[in-house]
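Source file: query.txt; contents: compact mmCIF, C-alpha atoms and all ligand atoms.
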```txt
# COMPACT_ATOMS: atom_id res chain seq x y z
CA MET W 107 0.41 -15.40 123.64
CA ALA W 108 2.29 -14.60 126.85
CA THR W 109 1.93 -10.91 126.22
CA GLU W 110 3.24 -8.36 128.74
CA LEU W 111 1.38 -5.16 129.36
CA TYR W 112 2.52 -2.26 131.50
CA THR W 113 1.56 1.31 132.23
CA ALA W 114 3.94 4.14 133.20
CA ASN W 115 3.95 7.94 132.79
CA ASN W 116 0.72 8.13 130.79
CA ALA W 117 1.99 5.47 128.41
CA VAL W 118 0.81 1.92 127.90
CA THR W 119 3.26 -0.53 126.35
CA VAL W 120 2.25 -3.94 125.07
CA ARG W 121 4.96 -6.51 124.32
CA LEU W 122 3.24 -8.92 121.99
CA GLU W 123 4.54 -12.44 121.89
CA GLY W 124 4.10 -15.56 119.74
CA GLU W 125 1.51 -16.11 117.01
CA LEU W 126 -0.94 -13.27 116.47
CA ASP W 127 -3.89 -14.59 114.48
CA HIS W 128 -7.67 -14.18 114.74
CA HIS W 129 -7.86 -16.74 117.56
CA ALA W 130 -5.29 -14.86 119.66
CA ALA W 131 -6.55 -11.39 118.77
CA GLY W 132 -9.88 -11.57 120.62
CA PRO W 133 -8.63 -12.07 124.20
CA LEU W 134 -5.71 -9.74 123.53
CA ARG W 135 -8.02 -6.95 122.40
CA ASP W 136 -9.96 -7.20 125.67
CA ARG W 137 -6.79 -6.93 127.74
CA ILE W 138 -5.42 -3.98 125.77
CA ASP W 139 -8.74 -2.11 125.80
CA GLU W 140 -9.04 -2.60 129.55
CA ALA W 141 -5.60 -1.02 130.01
CA ILE W 142 -6.48 1.85 127.64
CA MET W 143 -9.75 2.60 129.40
CA LYS W 144 -8.06 2.53 132.78
CA ALA W 145 -4.98 4.62 131.94
CA ARG W 146 -6.34 6.79 129.11
CA PRO W 147 -2.72 7.03 127.92
CA ASP W 148 -1.12 9.73 125.78
CA VAL W 149 0.76 7.02 123.94
CA LEU W 150 0.07 3.35 123.29
CA THR W 151 3.04 1.34 122.06
CA LEU W 152 2.47 -2.04 120.47
CA ASP W 153 5.75 -3.93 120.24
CA PHE W 154 5.76 -6.68 117.59
CA GLY W 155 9.41 -7.61 118.19
CA ASN W 156 8.60 -11.07 119.56
CA VAL W 157 5.70 -11.89 117.25
CA SER W 158 6.65 -15.04 115.36
CA PHE W 159 3.62 -15.07 113.07
CA MET W 160 0.86 -12.65 112.15
CA ASP W 161 -1.86 -12.28 109.54
CA SER W 162 -4.33 -9.50 108.73
CA SER W 163 -6.16 -10.13 112.01
CA ALA W 164 -3.21 -8.42 113.69
CA VAL W 165 -3.69 -5.43 111.39
CA GLY W 166 -7.37 -5.37 112.40
CA LEU W 167 -6.34 -5.42 116.05
CA VAL W 168 -4.05 -2.43 115.51
CA MET W 169 -6.67 -0.48 113.51
CA GLY W 170 -9.30 -1.08 116.18
CA ARG W 171 -6.99 0.15 118.97
CA PHE W 172 -6.15 3.20 116.85
CA LYS W 173 -9.83 4.13 116.64
CA LEU W 174 -10.40 3.72 120.36
CA LEU W 175 -7.27 5.67 121.20
CA SER W 176 -7.82 8.57 118.82
CA ALA W 177 -11.30 9.08 120.30
CA MET W 178 -9.46 10.03 123.51
CA LYS W 179 -6.70 11.93 121.69
CA GLY W 180 -4.03 9.34 122.35
CA LYS W 181 -1.21 8.47 119.93
CA LEU W 182 -0.30 5.05 118.60
CA GLU W 183 3.14 3.62 117.97
CA VAL W 184 3.72 0.23 116.38
CA VAL W 185 7.32 -0.96 116.69
CA GLY W 186 9.45 -4.05 116.08
CA LEU W 187 7.73 -4.92 112.81
CA SER W 188 9.29 -7.44 110.43
CA PRO W 189 9.47 -6.26 106.80
CA THR W 190 6.44 -8.41 105.96
CA ALA W 191 4.46 -7.16 108.93
CA TYR W 192 5.37 -3.59 107.98
CA ARG W 193 4.08 -4.20 104.45
CA MET W 194 0.79 -5.54 105.82
CA MET W 195 0.34 -2.53 108.12
CA GLU W 196 1.09 -0.20 105.20
CA LEU W 197 -1.67 -1.80 103.11
CA SER W 198 -4.19 -0.67 105.71
CA GLY W 199 -3.23 2.98 105.47
CA LEU W 200 -2.02 3.02 109.08
CA LYS W 201 1.23 4.67 108.02
CA THR W 202 -0.37 8.10 107.87
CA LEU W 203 -2.21 7.62 111.17
CA ALA W 204 0.36 6.06 113.46
CA LYS W 205 4.11 5.72 113.86
CA LEU W 206 5.25 2.47 112.25
CA GLU W 207 8.75 1.22 112.95
CA MET W 208 10.60 -1.82 111.65
CA LYS W 209 12.85 -3.84 113.86
CA PRO W 210 16.59 -3.44 113.30
CA ARG W 211 17.98 -5.66 110.56
CA GLY W 212 19.38 -9.05 111.47
CA ASN W 213 16.68 -9.75 114.04
CA MET G 295 -0.05 -23.72 80.22
CA PRO G 296 -0.86 -27.36 81.00
CA LYS G 297 -0.45 -28.41 84.59
CA ALA G 298 2.58 -30.46 85.53
CA MET G 299 2.08 -33.95 86.93
CA LEU G 300 0.55 -34.21 90.39
CA ILE G 301 3.01 -35.91 92.69
CA ASN G 302 1.43 -35.65 96.12
CA GLU G 303 -1.82 -34.64 97.77
CA MET G 304 -3.27 -34.30 101.27
CA LYS G 305 -6.71 -33.51 102.62
CA LEU G 306 -7.65 -32.08 105.96
CA GLU G 307 -11.14 -31.64 107.41
CA LEU G 308 -11.61 -29.39 110.44
CA GLU G 309 -14.36 -27.99 112.64
CA SER G 310 -14.72 -24.25 112.13
CA ARG G 311 -13.25 -23.32 115.51
CA SER G 312 -10.72 -20.52 115.73
CA ILE G 313 -8.35 -22.69 117.75
CA ASN G 314 -7.85 -24.74 114.56
CA GLU G 315 -6.43 -21.79 112.59
CA SER G 316 -2.87 -22.41 113.81
CA PHE G 317 -3.19 -26.17 113.33
CA ALA G 318 -4.37 -25.69 109.74
CA ARG G 319 -1.54 -23.38 108.66
CA ALA G 320 1.13 -25.43 110.45
CA THR G 321 -0.09 -28.65 108.83
CA VAL G 322 -0.18 -27.20 105.32
CA ALA G 323 3.29 -25.70 105.86
CA ALA G 324 4.62 -29.09 107.02
CA PHE G 325 3.27 -30.71 103.86
CA CYS G 326 4.76 -27.93 101.71
CA SER G 327 8.17 -28.65 103.28
CA GLN G 328 8.47 -31.59 100.89
CA LEU G 329 9.28 -29.00 98.20
CA ASP G 330 12.18 -27.68 100.31
CA PRO G 331 10.87 -24.09 100.40
CA SER G 332 12.79 -21.09 101.68
CA LEU G 333 11.75 -19.71 105.07
CA GLU G 334 10.11 -16.79 103.34
CA GLU G 335 8.09 -19.03 101.00
CA LEU G 336 6.96 -21.11 103.95
CA SER G 337 5.93 -18.03 105.88
CA ASP G 338 3.99 -16.74 102.85
CA ILE G 339 2.11 -20.06 102.59
CA LYS G 340 1.32 -20.03 106.32
CA THR G 341 -0.01 -16.49 106.16
CA ALA G 342 -2.14 -17.09 103.06
CA VAL G 343 -3.63 -20.29 104.52
CA SER G 344 -4.32 -18.53 107.80
CA GLU G 345 -6.28 -15.84 105.93
CA ALA G 346 -8.39 -18.34 103.98
CA VAL G 347 -9.14 -20.58 106.97
CA THR G 348 -9.98 -17.57 109.17
CA ASN G 349 -12.40 -16.33 106.51
CA ALA G 350 -14.16 -19.70 106.37
CA ILE G 351 -14.54 -19.64 110.16
CA VAL G 352 -15.35 -15.95 110.67
CA HIS G 353 -17.45 -15.21 107.58
CA GLY G 354 -18.47 -18.52 106.00
CA TYR G 355 -19.77 -20.01 109.22
CA ALA G 356 -20.47 -16.74 111.03
CA GLU G 357 -23.61 -17.94 112.80
CA LYS G 358 -22.84 -21.63 113.14
CA THR G 359 -20.08 -24.21 113.12
CA GLY G 360 -19.37 -26.36 110.10
CA LYS G 361 -16.54 -28.14 108.38
CA VAL G 362 -13.57 -26.52 106.69
CA TYR G 363 -12.03 -28.65 103.92
CA ILE G 364 -8.41 -28.14 102.96
CA THR G 365 -6.66 -29.82 100.04
CA ALA G 366 -2.99 -29.29 99.29
CA ARG G 367 -1.22 -30.54 96.18
CA ILE G 368 2.38 -30.75 95.06
CA TYR G 369 3.18 -30.75 91.35
CA ALA G 370 6.29 -32.01 89.60
CA ASP G 371 7.35 -28.51 88.52
CA GLY G 372 7.45 -27.24 92.11
CA MET G 373 3.97 -25.75 92.05
CA PHE G 374 2.17 -25.85 95.40
CA GLU G 375 -1.62 -25.58 95.41
CA VAL G 376 -3.92 -25.23 98.38
CA ALA G 377 -7.70 -25.04 98.34
CA VAL G 378 -9.79 -24.00 101.35
CA LYS G 379 -13.49 -24.73 101.13
CA ASP G 380 -16.49 -24.06 103.35
CA LYS G 381 -20.19 -24.84 103.01
CA GLY G 382 -21.16 -21.57 104.62
CA CYS G 383 -23.06 -18.44 103.57
CA GLY G 384 -21.16 -17.69 100.35
CA ILE G 385 -20.10 -14.32 98.92
CA PRO G 386 -22.68 -12.24 97.01
CA ASP G 387 -20.14 -10.02 95.18
CA ILE G 388 -16.68 -11.57 94.86
CA ALA G 389 -15.08 -8.60 93.09
CA LYS G 390 -16.25 -6.28 95.87
CA ALA G 391 -15.11 -8.71 98.59
CA ARG G 392 -11.62 -8.83 97.05
CA GLU G 393 -11.16 -5.05 97.19
CA PRO G 394 -8.58 -4.07 99.80
CA LEU G 395 -10.16 -2.73 103.03
CA PHE G 396 -13.61 -4.10 102.18
CA THR G 397 -15.09 -6.00 105.10
CA THR G 398 -18.46 -7.06 106.41
CA GLY G 399 -16.80 -8.16 109.61
CA GLY G 400 -16.98 -5.09 111.84
CA ALA G 401 -14.43 -2.98 113.67
CA ASP G 402 -11.73 -5.56 114.25
CA ARG G 403 -11.40 -6.88 110.69
CA ALA G 404 -8.93 -5.07 108.48
CA GLY G 405 -10.49 -6.15 105.19
CA LEU G 406 -7.06 -7.20 103.96
CA GLY G 407 -7.36 -10.99 103.87
CA PHE G 408 -7.81 -11.33 100.12
CA ALA G 409 -5.15 -8.66 99.47
CA VAL G 410 -2.70 -10.63 101.59
CA MET G 411 -3.57 -13.96 99.89
CA GLU G 412 -3.07 -12.28 96.53
CA SER G 413 0.28 -10.73 97.34
CA PHE G 414 1.69 -13.77 99.18
CA THR G 415 0.89 -16.31 96.46
CA ASP G 416 1.17 -16.33 92.65
CA LYS G 417 -2.49 -16.94 91.87
CA LEU G 418 -5.71 -16.63 93.82
CA ASN G 419 -9.01 -18.00 92.60
CA VAL G 420 -12.30 -17.50 94.46
CA ARG G 421 -15.46 -19.47 93.70
CA SER G 422 -18.56 -18.86 95.73
CA ALA G 423 -22.32 -19.28 95.70
CA VAL G 424 -24.66 -17.61 98.18
CA GLY G 425 -26.12 -20.17 100.55
CA LYS G 426 -23.79 -22.89 99.28
CA GLY G 427 -20.28 -21.89 100.25
CA THR G 428 -16.90 -20.69 99.11
CA THR G 429 -13.72 -22.26 97.75
CA VAL G 430 -10.49 -20.29 97.68
CA THR G 431 -7.65 -21.81 95.65
CA MET G 432 -4.11 -20.48 95.80
CA ARG G 433 -1.04 -21.45 93.82
CA LYS G 434 2.57 -20.65 94.50
CA LYS G 435 5.70 -21.81 92.71
CA ILE G 436 8.23 -22.98 95.27
CA THR G 437 11.75 -22.21 94.08
CA GLY G 438 13.41 -23.26 97.29
CA LYS G 439 16.32 -22.27 99.48
CA SER G 440 18.44 -21.15 96.54
CA GLY G 441 15.73 -18.84 95.25
CA GLY G 442 14.95 -17.11 98.50
N1 LIG W 501 -15.36 -17.85 103.18
C1 LIG W 501 -16.13 -16.75 103.12
N2 LIG W 501 -17.48 -16.85 103.23
C2 LIG W 501 -18.27 -15.74 103.17
N3 LIG W 501 -17.80 -14.48 103.00
C3 LIG W 501 -16.46 -14.32 102.88
C4 LIG W 501 -15.56 -15.44 102.95
N4 LIG W 501 -14.30 -14.96 102.79
C5 LIG W 501 -14.41 -13.64 102.65
N5 LIG W 501 -15.70 -13.23 102.71
C6 LIG W 501 -16.19 -11.84 102.55
O1 LIG W 501 -15.15 -11.05 101.99
C7 LIG W 501 -14.84 -9.94 102.85
C8 LIG W 501 -13.36 -9.59 102.75
O2 LIG W 501 -12.55 -10.63 103.27
P1 LIG W 501 -11.07 -10.29 103.74
O3 LIG W 501 -10.37 -9.58 102.64
O4 LIG W 501 -10.43 -11.53 104.25
O5 LIG W 501 -11.26 -9.23 104.93
P2 LIG W 501 -11.84 -9.47 106.42
O6 LIG W 501 -11.75 -10.93 106.74
O7 LIG W 501 -10.94 -8.66 107.27
O8 LIG W 501 -13.25 -8.97 106.40
C9 LIG W 501 -15.31 -10.39 104.22
O9 LIG W 501 -15.57 -9.32 105.09
C10 LIG W 501 -16.57 -11.19 103.87
O10 LIG W 501 -17.65 -10.33 103.62
MG MG W 502 -10.22 -12.19 106.27
```
Here is a file; write its structure as structure tokens.
Amino acid sequence: MATELYTANNAVTVRLEGELDHHAAGPLRDRIDEAIMKARPDVLTLDFGNVSFMDSSAVGLVMGRFKLLSAMKGKLEVVGLSPTAYRMMELSGLKTLAKLEMKPRGN
Amino acid sequence: MPKAMLINEMKLELESRSINESFARATVAAFCSQLDPSLEELSDIKTAVSEAVTNAIVHGYAEKTGKVYITARIYADGMFEVAVKDKGCGIPDIAKAREPLFTTGGADRAGLGFAVMESFTDKLNVRSAVGKGTTVTMRKKITGKSGG
């Protein structure tokens, strides 16, 4: 995962990349949480647009960041989801807690 | 319904290290390619295998390392079967474990592994004995490029 992470205007954006499974999720979680603790952002955006594979470990990663973020009153946005990824996120109930957005068709 | 004739089989034995999760799903998907699956079918197989192998590693062998045994079979009618077995701690209540959002794994597990395996394959069977281990068997009919 060559994931990019940047902070600007009270927002942290994470461009996830490659295969997001349980093996990749651990180190990624540490990097994202470090950025959250440092910036205490109003909004965290997780961009799945360049994720080529994910399983429910990615949903766990998102749910965990949601909990951390909401404890400091931040909002979560999850964007660039494939239809399958969107369906998996929906199963977790995240739809009522965070903004979920699919990537434009044909991508 | 009687099973169609078995036409091919492969077995894979892995250490329960998380780095092997991607190897396991890619290998099973490569074997499944013999049935000429659609991209979506292949992605469903990869995801379901990833869930089962991750469970063996994360839950089955939570406190230790052990072997994960994977068997994949191709049947004459296009049925693909994959079994993932561990000799780990076992599951005390399978029905409970299969409920969506149920997890014993802490904050970063979604509790959706079994739900994903169920929805991405046609049939999911779980056999488990506490202290002995768990075998998860999944079946999916591959209809191929035309179908998907
Ligand atoms: N191979 C296994 N060995 C022991 N327990 C398991 C195994 N697979 C699943 N489980 C149990 O079933 C629960 C649900 O699994 P799952 O739906 O994949 O969610 P998660 O992995 O996110 O916890 C796990 O938390 C665990 O208690
Ligand atoms: Mg799981």
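The coordinates place CA of Lys434 in chain G at 5.3 Å from CA of Phe374 in chain G.
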What does the structure give for the distance between CA of Ala145 in chain W and CA of Gly180 in chain W, in Å to one decimal? 10.7 Å
Can you check which parts of chain G lie within 9 Å of ligand LIG 501 (chain W)? Per residue, the shortest pair of atoms and distance in Å to one decimal, counting only C-alpha atoms and all ligand atoms, sorted by chain and number, as JSON lines.
```
{"residue": "G:Glu345", "atom": "CA", "partner": "W:LIG501", "partner_atom": "O4", "distance": 6.2}
{"residue": "G:Ala346", "atom": "CA", "partner": "W:LIG501", "partner_atom": "N4", "distance": 6.9}
{"residue": "G:Val347", "atom": "CA", "partner": "W:LIG501", "partner_atom": "N1", "distance": 7.8}
{"residue": "G:Thr348", "atom": "CA", "partner": "W:LIG501", "partner_atom": "O6", "distance": 7.3}
{"residue": "G:Asn349", "atom": "CA", "partner": "W:LIG501", "partner_atom": "N4", "distance": 4.4}
{"residue": "G:Ala350", "atom": "CA", "partner": "W:LIG501", "partner_atom": "N1", "distance": 3.9}
{"residue": "G:Ile351", "atom": "CA", "partner": "W:LIG501", "partner_atom": "N1", "distance": 7.3}
{"residue": "G:Val352", "atom": "CA", "partner": "W:LIG501", "partner_atom": "O6", "distance": 7.3}
{"residue": "G:His353", "atom": "CA", "partner": "W:LIG501", "partner_atom": "C2", "distance": 4.5}
{"residue": "G:Gly354", "atom": "CA", "partner": "W:LIG501", "partner_atom": "N2", "distance": 3.4}
{"residue": "G:Tyr355", "atom": "CA", "partner": "W:LIG501", "partner_atom": "N2", "distance": 7.1}
{"residue": "G:Ala356", "atom": "CA", "partner": "W:LIG501", "partner_atom": "C2", "distance": 8.2}
{"residue": "G:Val378", "atom": "CA", "partner": "W:LIG501", "partner_atom": "N1", "distance": 8.5}
{"residue": "G:Lys379", "atom": "CA", "partner": "W:LIG501", "partner_atom": "N1", "distance": 7.4}
{"residue": "G:Asp380", "atom": "CA", "partner": "W:LIG501", "partner_atom": "N1", "distance": 6.3}
{"residue": "G:Lys381", "atom": "CA", "partner": "W:LIG501", "partner_atom": "N2", "distance": 8.4}
{"residue": "G:Gly382", "atom": "CA", "partner": "W:LIG501", "partner_atom": "N2", "distance": 6.1}
{"residue": "G:Cys383", "atom": "CA", "partner": "W:LIG501", "partner_atom": "C2", "distance": 5.5}
{"residue": "G:Gly384", "atom": "CA", "partner": "W:LIG501", "partner_atom": "C2", "distance": 4.5}
{"residue": "G:Ile385", "atom": "CA", "partner": "W:LIG501", "partner_atom": "N3", "distance": 4.7}
{"residue": "G:Pro386", "atom": "CA", "partner": "W:LIG501", "partner_atom": "N3", "distance": 8.0}
{"residue": "G:Asp387", "atom": "CA", "partner": "W:LIG501", "partner_atom": "O1", "distance": 8.5}
{"residue": "G:Ile388", "atom": "CA", "partner": "W:LIG501", "partner_atom": "O1", "distance": 7.3}
{"residue": "G:Lys390", "atom": "CA", "partner": "W:LIG501", "partner_atom": "O1", "distance": 7.8}
{"residue": "G:Ala391", "atom": "CA", "partner": "W:LIG501", "partner_atom": "O1", "distance": 4.1}
{"residue": "G:Arg392", "atom": "CA", "partner": "W:LIG501", "partner_atom": "O3", "distance": 5.8}
{"residue": "G:Glu393", "atom": "CA", "partner": "W:LIG501", "partner_atom": "O3", "distance": 7.1}
{"residue": "G:Pro394", "atom": "CA", "partner": "W:LIG501", "partner_atom": "O3", "distance": 6.5}
{"residue": "G:Leu395", "atom": "CA", "partner": "W:LIG501", "partner_atom": "O5", "distance": 6.9}
{"residue": "G:Phe396", "atom": "CA", "partner": "W:LIG501", "partner_atom": "C8", "distance": 5.5}
{"residue": "G:Thr397", "atom": "CA", "partner": "W:LIG501", "partner_atom": "O9", "distance": 3.4}
{"residue": "G:Thr398", "atom": "CA", "partner": "W:LIG501", "partner_atom": "O9", "distance": 3.9}
{"residue": "G:Gly399", "atom": "CA", "partner": "W:LIG501", "partner_atom": "O9", "distance": 4.8}
{"residue": "G:Gly400", "atom": "CA", "partner": "W:LIG501", "partner_atom": "O8", "distance": 7.7}
{"residue": "G:Asp402", "atom": "CA", "partner": "W:LIG501", "partner_atom": "O7", "distance": 7.7}
{"residue": "G:Arg403", "atom": "CA", "partner": "W:LIG501", "partner_atom": "O7", "distance": 3.9}
{"residue": "G:Ala404", "atom": "CA", "partner": "W:LIG501", "partner_atom": "O7", "distance": 4.3}
{"residue": "G:Gly405", "atom": "CA", "partner": "W:LIG501", "partner_atom": "O5", "distance": 3.2}
{"residue": "G:Leu406", "atom": "CA", "partner": "W:LIG501", "partner_atom": "O3", "distance": 4.3}
{"residue": "G:Gly407", "atom": "CA", "partner": "W:LIG501", "partner_atom": "O4", "distance": 3.1}
{"residue": "G:Phe408", "atom": "CA", "partner": "W:LIG501", "partner_atom": "O3", "distance": 4.0}
{"residue": "G:Ala409", "atom": "CA", "partner": "W:LIG501", "partner_atom": "O3", "distance": 6.2}
{"residue": "G:Val410", "atom": "CA", "partner": "W:LIG501", "partner_atom": "O3", "distance": 7.8}
{"residue": "G:Met411", "atom": "CA", "partner": "W:LIG501", "partner_atom": "O4", "distance": 8.5}
{"residue": "G:Val420", "atom": "CA", "partner": "W:LIG501", "partner_atom": "N4", "distance": 8.9}
{"residue": "G:Ser422", "atom": "CA", "partner": "W:LIG501", "partner_atom": "N2", "distance": 7.8}
{"residue": "G:Val424", "atom": "CA", "partner": "W:LIG501", "partner_atom": "C2", "distance": 8.3}
{"residue": "G:Gly427", "atom": "CA", "partner": "W:LIG501", "partner_atom": "N2", "distance": 6.5}
{"residue": "G:Thr428", "atom": "CA", "partner": "W:LIG501", "partner_atom": "N1", "distance": 5.2}
{"residue": "G:Thr429", "atom": "CA", "partner": "W:LIG501", "partner_atom": "N1", "distance": 7.2}
{"residue": "G:Val430", "atom": "CA", "partner": "W:LIG501", "partner_atom": "N1", "distance": 7.7}
```
Need the shell around Asp127 in chain W: protein/DNA/RNA residues with any atom at most 10 Å away, counting only C-alpha atoms. Skip same-chain ones fewer than 3 positions apart. Format as a PyMOL selection string? (chain W and resi 124+130-132+159-165+167) or (chain G and resi 312-313+315-316+341+344-345+348)
Residues just named, written with C-alpha atoms as a short mmCIF file (atom, residue, chain, number, x, y, z; two decimals), in the frame of the given file:
```
data_model
loop_
_atom_site.label_atom_id
_atom_site.label_comp_id
_atom_site.auth_asym_id
_atom_site.auth_seq_id
_atom_site.Cartn_x
_atom_site.Cartn_y
_atom_site.Cartn_z
CA GLY W 124 4.10 -15.56 119.74
CA ALA W 130 -5.29 -14.86 119.66
CA ALA W 131 -6.55 -11.39 118.77
CA GLY W 132 -9.88 -11.57 120.62
CA PHE W 159 3.62 -15.07 113.07
CA MET W 160 0.86 -12.65 112.15
CA ASP W 161 -1.86 -12.28 109.54
CA SER W 162 -4.33 -9.50 108.73
CA SER W 163 -6.16 -10.13 112.01
CA ALA W 164 -3.21 -8.42 113.69
CA VAL W 165 -3.69 -5.43 111.39
CA LEU W 167 -6.34 -5.42 116.05
CA SER G 312 -10.72 -20.52 115.73
CA ILE G 313 -8.35 -22.69 117.75
CA GLU G 315 -6.43 -21.79 112.59
CA SER G 316 -2.87 -22.41 113.81
CA THR G 341 -0.01 -16.49 106.16
CA SER G 344 -4.32 -18.53 107.80
CA GLU G 345 -6.28 -15.84 105.93
CA THR G 348 -9.98 -17.57 109.17
#
```
Using all atoms listed in the file, which protein or nucleic acid residues come within 8 Å of Ala117 in chain W? Drop anything in the same chain fewer than 5 positions from it, and give the result as a ChimeraX atom specification. /W:145,147-151
Centre and edge lengths of an axis-aligned box around all listed atoms of range 391-395 of chain G, with 8 Å added on each side, are to be given in Å to one decimal, as AutoDock Vina command-line options.
```
--center_x -11.8 --center_y -5.8 --center_z 100.0 --size_x 22.5 --size_y 22.1 --size_z 22.0
```
Using all atoms listed in the file, which residue out of G:Ala342, G:Ala298, G:Leu329, G:Met373 lies closest to chain W?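 Looking only at the distances to chain W, the closest residue turns out to be G:Ala342.
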Smallest atom-to-atom distance to ligand MG 502 (chain W): which of G:Glu357, G:Val343, G:Lys435, G:Tyr369, using only C-alpha atoms and all ligand atoms? G:Val343
Using only C-alpha atoms: which of W:Ala114, W:Thr119, W:Asp136, W:Gly166 has the shortest distance to Val185 in chain W: W:Thr119
Residue nearest chain G among W:Leu174, W:Met143, W:Leu152, W:Leu203 (counting all atoms listed in the file): W:Leu174
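Taking CA of Phe325 in chain G and CA of Arg367 in chain G as endpoints, the distance between them is 8.9 Å.
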Which protein, DNA or RNA residues are at most 10 Å from (11.7, 2.3, 109.4) in the file's coordinates when you count all atoms listed in the file, listed as a compact mmCIF listing (two decimals) with C-alpha atoms, keeping the file's coordinate frame?
```txt
# COMPACT_ATOMS: atom_id res chain seq x y z
CA VAL W 185 7.32 -0.96 116.69
CA GLY W 186 9.45 -4.05 116.08
CA LEU W 187 7.73 -4.92 112.81
CA PRO W 189 9.47 -6.26 106.80
CA TYR W 192 5.37 -3.59 107.98
CA LYS W 205 4.11 5.72 113.86
CA LEU W 206 5.25 2.47 112.25
CA GLU W 207 8.75 1.22 112.95
CA MET W 208 10.60 -1.82 111.65
CA LYS W 209 12.85 -3.84 113.86
CA PRO W 210 16.59 -3.44 113.30
```
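Nearest residue to chain G, choosing from W:Met169, W:Ser188, W:Tyr112, W:Arg121 and counting all atoms listed in the file: W:Met169.
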I'd like the neighbourhood of Ser327 in chain G as a list in words, where a residue qualifies if any of its atoms comes within 8 Å (using all atoms listed in the file), though same-chain residues fewer than 4 positions away should be ignored.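 Using all atoms listed in the file, the neighbours found are Ala323, Pro331 and Leu336 of chain G.
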Restricting the calculation to only C-alpha atoms, which member of W:Ala204, W:Leu182, W:Arg135, W:Ser176 is positioned closest to chain G?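 That would be W:Arg135, the residue with the smallest distance to chain G.
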Arg137 in chain W environment, 10 Å, all atoms listed in the file, sequence neighbours closer than 6 positions dropped, as a PyMOL selection string: chain W and resi 109+111+120
Dump of range 365-412 of chain G from preceding block, C-alpha atoms, as an mmCIF file, in the first residue's frame:
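part-v8.cif was written with the following content:
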```cif
data_model
loop_
_atom_site.group_PDB
_atom_site.id
_atom_site.type_symbol
_atom_site.label_atom_id
_atom_site.label_comp_id
_atom_site.auth_asym_id
_atom_site.auth_seq_id
_atom_site.Cartn_x
_atom_site.Cartn_y
_atom_site.Cartn_z
ATOM 1 C CA THR G 365 -8.305 -27.302 -0.917
ATOM 2 C CA ALA G 366 -9.917 -26.121 -4.139
ATOM 3 C CA ARG G 367 -11.923 -28.318 -6.480
ATOM 4 C CA ILE G 368 -13.362 -27.914 -9.943
ATOM 5 C CA TYR G 369 -16.396 -29.959 -10.955
ATOM 6 C CA ALA G 370 -17.594 -30.847 -14.430
ATOM 7 C CA ASP G 371 -20.742 -28.711 -14.112
ATOM 8 C CA GLY G 372 -18.734 -25.543 -13.440
ATOM 9 C CA MET G 373 -19.004 -25.748 -9.670
ATOM 10 C CA PHE G 374 -15.997 -24.356 -7.805
ATOM 11 C CA GLU G 375 -15.419 -25.480 -4.229
ATOM 12 C CA VAL G 376 -12.881 -24.177 -1.758
ATOM 13 C CA ALA G 377 -12.289 -25.390 1.782
ATOM 14 C CA VAL G 378 -10.180 -23.507 4.331
ATOM 15 C CA LYS G 379 -9.192 -25.443 7.421
ATOM 16 C CA ASP G 380 -7.295 -24.636 10.596
ATOM 17 C CA LYS G 381 -6.380 -26.685 13.660
ATOM 18 C CA GLY G 382 -6.899 -23.728 15.952
ATOM 19 C CA CYS G 383 -9.231 -22.861 18.838
ATOM 20 C CA GLY G 384 -12.547 -23.693 17.149
ATOM 21 C CA ILE G 385 -15.884 -21.870 17.388
ATOM 22 C CA PRO G 386 -18.117 -22.520 20.425
ATOM 23 C CA ASP G 387 -21.361 -21.231 18.835
ATOM 24 C CA ILE G 388 -21.348 -21.300 15.030
ATOM 25 C CA ALA G 389 -24.809 -19.776 14.591
ATOM 26 C CA LYS G 390 -23.816 -16.825 16.780
ATOM 27 C CA ALA G 391 -20.471 -16.427 14.988
ATOM 28 C CA ARG G 392 -22.266 -16.252 11.628
ATOM 29 C CA GLU G 393 -24.514 -13.375 12.688
ATOM 30 C CA PRO G 394 -23.571 -10.156 10.901
ATOM 31 C CA LEU G 395 -21.564 -7.750 13.117
ATOM 32 C CA PHE G 396 -20.738 -10.443 15.685
ATOM 33 C CA THR G 397 -17.043 -10.449 16.512
ATOM 34 C CA THR G 398 -14.742 -11.552 19.290
ATOM 35 C CA GLY G 399 -11.920 -9.734 17.570
ATOM 36 C CA GLY G 400 -11.993 -6.256 19.108
ATOM 37 C CA ALA G 401 -12.331 -2.748 17.736
ATOM 38 C CA ASP G 402 -10.855 -3.247 14.287
ATOM 39 C CA ARG G 403 -12.887 -6.285 13.205
ATOM 40 C CA ALA G 404 -16.169 -5.544 11.483
ATOM 41 C CA GLY G 405 -17.777 -8.899 12.247
ATOM 42 C CA LEU G 406 -18.756 -9.205 8.593
ATOM 43 C CA GLY G 407 -16.495 -12.006 7.376
ATOM 44 C CA PHE G 408 -19.120 -14.747 7.378
ATOM 45 C CA ALA G 409 -21.743 -12.367 5.936
ATOM 46 C CA VAL G 410 -19.383 -11.563 3.072
ATOM 47 C CA MET G 411 -18.541 -15.249 2.444
ATOM 48 C CA GLU G 412 -22.255 -16.006 2.392
#
```
